[in-house]
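Visitor: Shown below is the structure under consideration.
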Amino acid sequence: MEEVIIYTDGACSGNPGPGGWGSILMYKGNKKEIFGGSPDTTNNIMEMTAVIEALKLLKFPCDVKLYSDSAYVVNAFNNGWIYNWKRNNWKTADKKPVKNQELWEELYSLFKIHKVEFIKVKGHSDNEFNNRCDELARNAITKL
């Protein structure tokens with residue numbers, strides 16, 4: 001399987017409020033930046049959208065190393081929450097509906113296509129690509 005490296009970030013001005021997301025995909029020495037936004041959203045929705053939009057660009061099953069500063073996204077997979085939610089008909093451990101279910105379902109379906117390793121990075125630190133994704137996300141908010 002071909003290896004792809006993806007960095008993602010989401011941002012929100014107010015939570016909820018106007019939000020943006022940014023992603024960087026790296027494949028065989030090429031780098032592609034994508035971004036977008038929404039006038040009324042949450043930070044978590046933007047974090048998830050950044051991952052979804054990046055994975056949707058992949059044209060065939062890939063071995064993906066996905067870097068995100070979102071504990072919400074990374075922990076859902078690395079701690080197995082998403083498998084429990086799916087098994088429990090998209091209910092949390094305390095039987096409440098999972099927030100952002102439609103996005104989780106889309107993300108899960110993309111996850112099943114690719115071999116994705118979720119790697120947590122520290123936000124707003126010295127990671128060049130995470131910082132660039134943050135910049136893309138924040139710039140997307142200004143374009144709304």
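FYI, nothing fancy with the structure tokens labels: chains A, B, ... in order, residues from 1 per chain, ligands from 1 as they appear.
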Can you pull out the residues contacting His124 in chain A? Cut-off 9 Å, using only C-alpha atoms, and skip same-chain residues under 3 positions away; I want them as a list in words.

Guide: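 Residues near the query, excluding close chain neighbours: Asp69, Asn127, Asn130, Asn131 and Asp134 of chain A.
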
Visitor: What would the file look like if the residues just selected were written as a tab-separated table (two decimals), in the first residue's frame with N, CA and C atoms?

Guide:
```tsv
chain	number	residue	atom	x	y	z
A	69	ASP	N	-4.10	17.43	16.23
A	69	ASP	CA	-4.02	17.86	17.62
A	69	ASP	C	-5.37	17.69	18.34
A	127	ASN	N	5.41	22.12	15.73
A	127	ASN	CA	5.24	21.22	14.59
A	127	ASN	C	4.86	22.06	13.37
A	130	ASN	N	1.50	21.03	11.55
A	130	ASN	CA	0.32	21.31	12.36
A	130	ASN	C	0.08	22.82	12.42
A	131	ASN	N	1.14	23.58	12.56
A	131	ASN	CA	1.00	25.04	12.59
A	131	ASN	C	0.47	25.56	11.26
A	134	ASP	N	-3.23	24.90	11.12
A	134	ASP	CA	-3.91	25.88	11.96
A	134	ASP	C	-4.07	27.20	11.22
```

Visitor: Within 10 Å of range 92-109 of chain A, counting only C-alpha atoms, which residues show up once you throw out same-chain ones fewer than 6 positions away? Write them as an mmCIF file with C-alpha atoms, in the first residue's frame, please.

Guide:
```cif
data_model
loop_
_atom_site.group_PDB
_atom_site.id
_atom_site.type_symbol
_atom_site.label_atom_id
_atom_site.label_comp_id
_atom_site.auth_asym_id
_atom_site.auth_seq_id
_atom_site.Cartn_x
_atom_site.Cartn_y
_atom_site.Cartn_z
ATOM 1 C CA ASN A 44 -14.970 19.481 16.890
ATOM 2 C CA ILE A 45 -16.946 19.557 13.632
ATOM 3 C CA MET A 48 -13.522 16.053 11.915
ATOM 4 C CA THR A 49 -14.177 17.812 8.597
ATOM 5 C CA VAL A 51 -9.832 14.601 8.433
ATOM 6 C CA ILE A 52 -12.822 13.620 6.266
ATOM 7 C CA GLU A 53 -11.966 16.018 3.437
ATOM 8 C CA LEU A 55 -9.263 11.158 3.298
ATOM 9 C CA LYS A 56 -11.863 11.796 0.569
ATOM 10 C CA VAL A 73 -10.742 12.574 16.793
ATOM 11 C CA ALA A 76 -12.211 8.088 19.249
ATOM 12 C CA PHE A 77 -10.127 5.636 17.194
ATOM 13 C CA TRP A 81 -14.756 4.732 21.370
ATOM 14 C CA ILE A 82 -15.992 4.694 17.775
ATOM 15 C CA TYR A 83 -16.316 0.888 17.742
ATOM 16 C CA ASN A 84 -18.398 0.997 20.930
ATOM 17 C CA TRP A 85 -20.586 3.811 19.559
ATOM 18 C CA LYS A 86 -21.183 1.889 16.341
#
```

Visitor: When distances are computed from only C-alpha atoms, which of A:Ile119, A:Ala11, A:Leu57, A:Cys133 shows the smallest separation from Thr41 in chain A?

Guide: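 For Thr41 in chain A, the nearest of the given residues is A:Ala11.
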
Visitor: List the neighbours of Gly14 in chain A out to 10 Å using only C-alpha atoms; skip same-chain residues closer than 2 positions along the sequence, and give me the result as a PyMOL selection string.

Guide: chain A and resi 11-12+16-19+40-43

Visitor: Would you work out the distance separating CA of Gly123 in chain A from CA of Ser13 in chain A, expressed in Å to one decimal?

Guide: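 For CA of Gly123 in chain A relative to CA of Ser13 in chain A, the distance reads 16.3 Å.
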
Visitor: So what do you get for CA of Ile141 in chain A versus CA of Ser125 in chain A, distance-wise?

Guide: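 Computed distance, CA of Ile141 in chain A to CA of Ser125 in chain A, equals 21.0 Å.
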